[in-house]
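Let me begin by presenting the structure, written as structure tokens, before commenting on it.
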Amino acid sequence: MADNRVVEGRMVTPQRLAELIEGDDIMDAEPIEDANRDCPDCGGDVLEVGYMPSAIEFVTGWKCQDCGWSETDRE
Ligand SMILES: [Zn+2]
């Protein structure tokens, strides 16, 4: 699948990437995009994925491709 990307040396689906960011199971995820920003920890490329952790919540998450850094737009 073209949507899959390499993160920390492993191929991940949008769903799997969102679960890495969330640290838990999620319901649904949009295709992975390039965030056009650098990781604040290692300077690596950052990926962006929109996902639904539950039926009533939509979160945008970011994850570094090279290290464990991630964040979300949650307040
Ligand atoms: Zn990084």
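Residue numbering restarts at 1 in every chain; chains get A, B, ... in the order shown in the structure tokens, and ligands count up from 1 in that same order.
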
Which residues in chain A does DSSP call strand (DSSP E)? List them as a PyMOL selection string.
-> chain A and resi 5-7+10-12+28-29+33-38+45-54+57-64+70-72

C-alpha atoms of the current selection, written as a PDB file, in the first residue's frame:
```pdb
ATOM      1  CA  ARG A   5       5.603   4.766   5.555  1.00  0.00           C
ATOM      2  CA  VAL A   6       8.786   3.815   7.341  1.00  0.00           C
ATOM      3  CA  VAL A   7       8.880   4.990  10.966  1.00  0.00           C
ATOM      4  CA  ARG A  10       9.486  -0.224  10.453  1.00  0.00           C
ATOM      5  CA  MET A  11       6.765   0.012   7.799  1.00  0.00           C
ATOM      6  CA  VAL A  12       3.570   1.363   9.345  1.00  0.00           C
ATOM      7  CA  ASP A  28      -9.845   5.275  12.151  1.00  0.00           C
ATOM      8  CA  ALA A  29      -6.993   7.162  10.496  1.00  0.00           C
ATOM      9  CA  GLU A  33       1.190  13.185   5.043  1.00  0.00           C
ATOM     10  CA  ASP A  34       4.544  14.940   5.291  1.00  0.00           C
ATOM     11  CA  ALA A  35       4.328  17.618   7.974  1.00  0.00           C
ATOM     12  CA  ASN A  36       7.049  19.845   6.431  1.00  0.00           C
ATOM     13  CA  ARG A  37       8.665  20.377   9.814  1.00  0.00           C
ATOM     14  CA  ASP A  38      11.700  18.935  11.578  1.00  0.00           C
ATOM     15  CA  ASP A  45      11.420  14.277   9.081  1.00  0.00           C
ATOM     16  CA  VAL A  46       8.020  14.516  10.773  1.00  0.00           C
ATOM     17  CA  LEU A  47       4.869  12.784   9.508  1.00  0.00           C
ATOM     18  CA  GLU A  48       1.321  14.000  10.098  1.00  0.00           C
ATOM     19  CA  VAL A  49      -1.789  11.849  10.458  1.00  0.00           C
ATOM     20  CA  GLY A  50      -5.375  12.748  11.342  1.00  0.00           C
ATOM     21  CA  TYR A  51      -7.199  10.102  13.332  1.00  0.00           C
ATOM     22  CA  MET A  52     -10.211   9.345  15.469  1.00  0.00           C
ATOM     23  CA  PRO A  53      -9.359   7.869  18.878  1.00  0.00           C
ATOM     24  CA  SER A  54     -13.112   7.593  19.491  1.00  0.00           C
ATOM     25  CA  GLU A  57     -13.015  13.008  18.715  1.00  0.00           C
ATOM     26  CA  PHE A  58     -10.693  13.947  15.820  1.00  0.00           C
ATOM     27  CA  VAL A  59      -7.013  14.514  16.558  1.00  0.00           C
ATOM     28  CA  THR A  60      -4.112  15.595  14.366  1.00  0.00           C
ATOM     29  CA  GLY A  61      -0.907  13.864  15.424  1.00  0.00           C
ATOM     30  CA  TRP A  62       2.738  14.267  14.452  1.00  0.00           C
ATOM     31  CA  LYS A  63       5.465  11.649  14.700  1.00  0.00           C
ATOM     32  CA  CYS A  64       9.164  11.692  13.898  1.00  0.00           C
ATOM     33  CA  SER A  70       5.445  12.681  18.824  1.00  0.00           C
ATOM     34  CA  GLU A  71       2.756  15.208  19.727  1.00  0.00           C
ATOM     35  CA  THR A  72      -0.937  15.941  19.080  1.00  0.00           C
TER      36      THR A  72
END
```

Test item: residues lying within 6 Å of ligand 1 with only C-alpha atoms and all ligand atoms, as JSON, numbers by chain = {"A": [39, 41, 42, 43, 44, 64, 66, 67, 69]}

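For chain A, the set of residues given helix (DSSP H, G or I) by DSSP on the backbone reads Pro14, Gln15, Arg16, Leu17, Ala18, Glu19, Leu20, Ile21 and Glu22 of chain A.
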
File of the preceding selection, N, CA and C atoms, as a short mmCIF file (atom, residue, chain, number, x, y, z; two decimals), in the first residue's frame:
```cif
data_model
loop_
_atom_site.label_atom_id
_atom_site.label_comp_id
_atom_site.auth_asym_id
_atom_site.auth_seq_id
_atom_site.Cartn_x
_atom_site.Cartn_y
_atom_site.Cartn_z
N PRO A 14 -1.32 3.98 8.23
CA PRO A 14 -1.84 5.15 8.95
C PRO A 14 -2.42 4.77 10.31
N GLN A 15 -3.14 3.68 10.36
CA GLN A 15 -3.72 3.21 11.63
C GLN A 15 -2.64 2.94 12.67
N ARG A 16 -1.58 2.25 12.24
CA ARG A 16 -0.50 1.91 13.17
C ARG A 16 0.25 3.16 13.63
N LEU A 17 0.48 4.10 12.70
CA LEU A 17 1.15 5.34 13.06
C LEU A 17 0.34 6.10 14.11
N ALA A 18 -0.97 6.18 13.90
CA ALA A 18 -1.84 6.87 14.85
C ALA A 18 -1.81 6.17 16.20
N GLU A 19 -1.74 4.86 16.21
CA GLU A 19 -1.69 4.13 17.47
C GLU A 19 -0.36 4.36 18.20
N LEU A 20 0.73 4.53 17.45
CA LEU A 20 2.01 4.87 18.07
C LEU A 20 1.93 6.24 18.75
N ILE A 21 1.28 7.21 18.09
CA ILE A 21 1.14 8.55 18.64
C ILE A 21 0.21 8.53 19.86
N GLU A 22 -0.90 7.83 19.72
CA GLU A 22 -1.92 7.80 20.77
C GLU A 22 -1.49 6.93 21.95
#
```

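Between CA of Glu75 in chain A and CA of Thr13 in chain A there is a distance of 25.7 Å.
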
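Nearest residue to Asp3 in chain A among A:Pro40, A:Gly23, A:Pro31, A:Gly68 is A:Pro31, counting only C-alpha atoms.
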